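Colleague: Got a file for you: upload-v4.pdb, PDB, C-alpha atoms.
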ATOM      1  CA  MET M 277       1.468  -8.081 -18.141
ATOM      2  CA  PRO M 278       0.603  -4.807 -19.889
ATOM      3  CA  TYR M 279       2.614  -1.675 -19.228
ATOM      4  CA  LYS M 280       1.120   0.541 -16.559
ATOM      5  CA  ALA M 281       2.426   4.075 -16.283
ATOM      6  CA  ASP M 282       3.243   5.458 -12.840
ATOM      7  CA  SER M 283       0.897   7.964 -11.306
ATOM      8  CA  PHE M 284       1.938  11.608 -11.372
ATOM      9  CA  LYS M 285       2.725  11.500  -7.636
ATOM     10  CA  ALA M 286       4.991   8.472  -8.017
ATOM     11  CA  SER M 287       6.681  10.061 -11.006
ATOM     12  CA  LEU M 288       7.215  13.259  -9.037
ATOM     13  CA  VAL M 289       9.081  11.349  -6.340
ATOM     14  CA  TRP M 290      10.928   8.647  -8.298
ATOM     15  CA  GLY M 291      10.783   9.484 -11.968
ATOM     16  CA  ARG M 292      12.026  11.964 -14.500
ATOM     17  CA  ILE M 293       9.734  14.696 -13.212
ATOM     18  CA  GLY M 294      11.298  14.407  -9.756
ATOM     19  CA  ALA M 295      14.781  14.555 -11.236
ATOM     20  CA  ALA M 296      13.863  17.626 -13.287
ATOM     21  CA  VAL M 297      12.379  19.365 -10.238
ATOM     22  CA  MET M 298      15.532  18.656  -8.219
ATOM     23  CA  ALA M 299      17.769  19.892 -11.045
ATOM     24  CA  LEU M 300      15.760  23.100 -11.407
ATOM     25  CA  LEU M 301      15.806  23.631  -7.643
ATOM     26  CA  ALA M 302      19.591  23.202  -7.579
ATOM     27  CA  PHE M 303      19.918  25.652 -10.483
ATOM     28  CA  ILE M 304      17.720  28.260  -8.781
ATOM     29  CA  LEU M 305      19.527  27.924  -5.459
ATOM     30  CA  GLY M 306      22.884  28.232  -7.238
ATOM     31  CA  PHE M 307      21.633  31.331  -9.044
ATOM     32  CA  PHE M 308      20.903  32.972  -5.696
ATOM     33  CA  GLY M 309      24.343  32.046  -4.365
ATOM     34  CA  PHE M 310      23.411  29.105  -2.146
ATOM     35  CA  THR M 311      26.153  26.486  -2.119
ATOM     36  CA  LEU M 312      27.065  23.567   0.101
ATOM     37  CA  ALA M 313      30.547  23.392   1.534
ATOM     38  CA  PRO M 314      32.189  19.959   1.668
ATOM     39  CA  ASP M 315      31.576  19.823   5.433
ATOM     40  CA  ASP M 316      27.870  20.498   4.882
ATOM     41  CA  GLN M 317      27.714  17.772   2.254
ATOM     42  CA  ALA M 318      29.367  15.275   4.609
ATOM     43  CA  SER M 319      26.888  16.195   7.347
ATOM     44  CA  LEU M 320      23.966  15.638   4.954
ATOM     45  CA  VAL M 321      25.317  12.226   3.954
ATOM     46  CA  ASP M 322      25.687  11.221   7.608
ATOM     47  CA  LEU M 323      22.192  12.466   8.408
ATOM     48  CA  GLY M 324      20.736  10.642   5.404
ATOM     49  CA  ALA M 325      22.475   7.386   6.359
ATOM     50  CA  ALA M 326      21.180   7.619   9.923
ATOM     51  CA  PHE M 327      17.669   8.378   8.680
ATOM     52  CA  LEU M 328      17.686   5.429   6.269
ATOM     53  CA  ALA M 329      18.999   3.095   8.993
ATOM     54  CA  GLY M 330      16.140   4.157  11.244
ATOM     55  CA  ILE M 331      13.566   3.609   8.502
ATOM     56  CA  ALA M 332      15.057   0.175   7.769
ATOM     57  CA  GLY M 333      14.740  -0.774  11.436
ATOM     58  CA  VAL M 334      11.112   0.297  11.562
ATOM     59  CA  MET M 335      10.355  -1.604   8.349
ATOM     60  CA  ALA M 336      11.978  -4.764   9.758
ATOM     61  CA  ILE M 337       9.867  -4.573  12.917
ATOM     62  CA  VAL M 338       6.658  -3.949  10.980
ATOM     63  CA  SER M 339       7.463  -6.845   8.646
ATOM     64  CA  LYS M 340       8.008  -9.178  11.593
ATOM     65  CA  LEU M 341       4.725  -8.096  13.206
ATOM     66  CA  ARG M 342       2.819  -8.626   9.944
ATOM     67  CA  GLU M 343       4.401 -12.059   9.535
ATOM     68  CA  LYS M 344       3.406 -13.027  13.091
ATOM     69  CA  LYS M 345      -0.171 -11.820  12.518
ATOM     70  CA  LYS M 346      -0.435 -13.863   9.292
ATOM     71  CA  ALA M 347       0.843 -16.973  11.101
ATOM     72  CA  GLU M 348      -1.813 -16.582  13.798
ATOM     73  CA  ASP M 349      -4.666 -16.385  11.275
TER
END
Show this structure as structure tokens.
Modeller:
Amino acid sequence: MPYKADSFKASLVWGRIGAAVMALLAFILGFFGFTLAPDDQASLVDLGAAFLAGIAGVMAIVSKLREKKKAED
């Protein structure tokens, strides 16, 4: 299978471009004095975990519905 490069949009989200954008954003925010206290960081981790759990639940339901539809066809 030949190598296929990611699209620019995919690279922006998952690739090196996305990492560079996040690093530059962190640098700029730090330059203007914006920092996250440890409590804020813990809150963000908890929020992220809850968000990902919700997305996983939705994906499981959608997968089950798609499987049922394929079985009916």
Colleague: Mind giving me the straight-line distance from atom CA of Ala326 of chain M to atom CA of Phe284 of chain M in Å, one decimal?
Modeller: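 Separation of atom CA of Ala326 of chain M and atom CA of Phe284 of chain M: 29.0 Å.
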Colleague: So how far away is atom CA of Val297 of chain M from atom CA of Lys285 of chain M, in Å?
Modeller: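 It comes out at 12.7 Å.
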Colleague: Please compute the atom CA of Arg292 of chain M-atom CA of Gly324 of chain M distance, one decimal, in Å.
Modeller: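 Spanning atom CA of Arg292 of chain M to atom CA of Gly324 of chain M is a straight-line distance of 21.8 Å.
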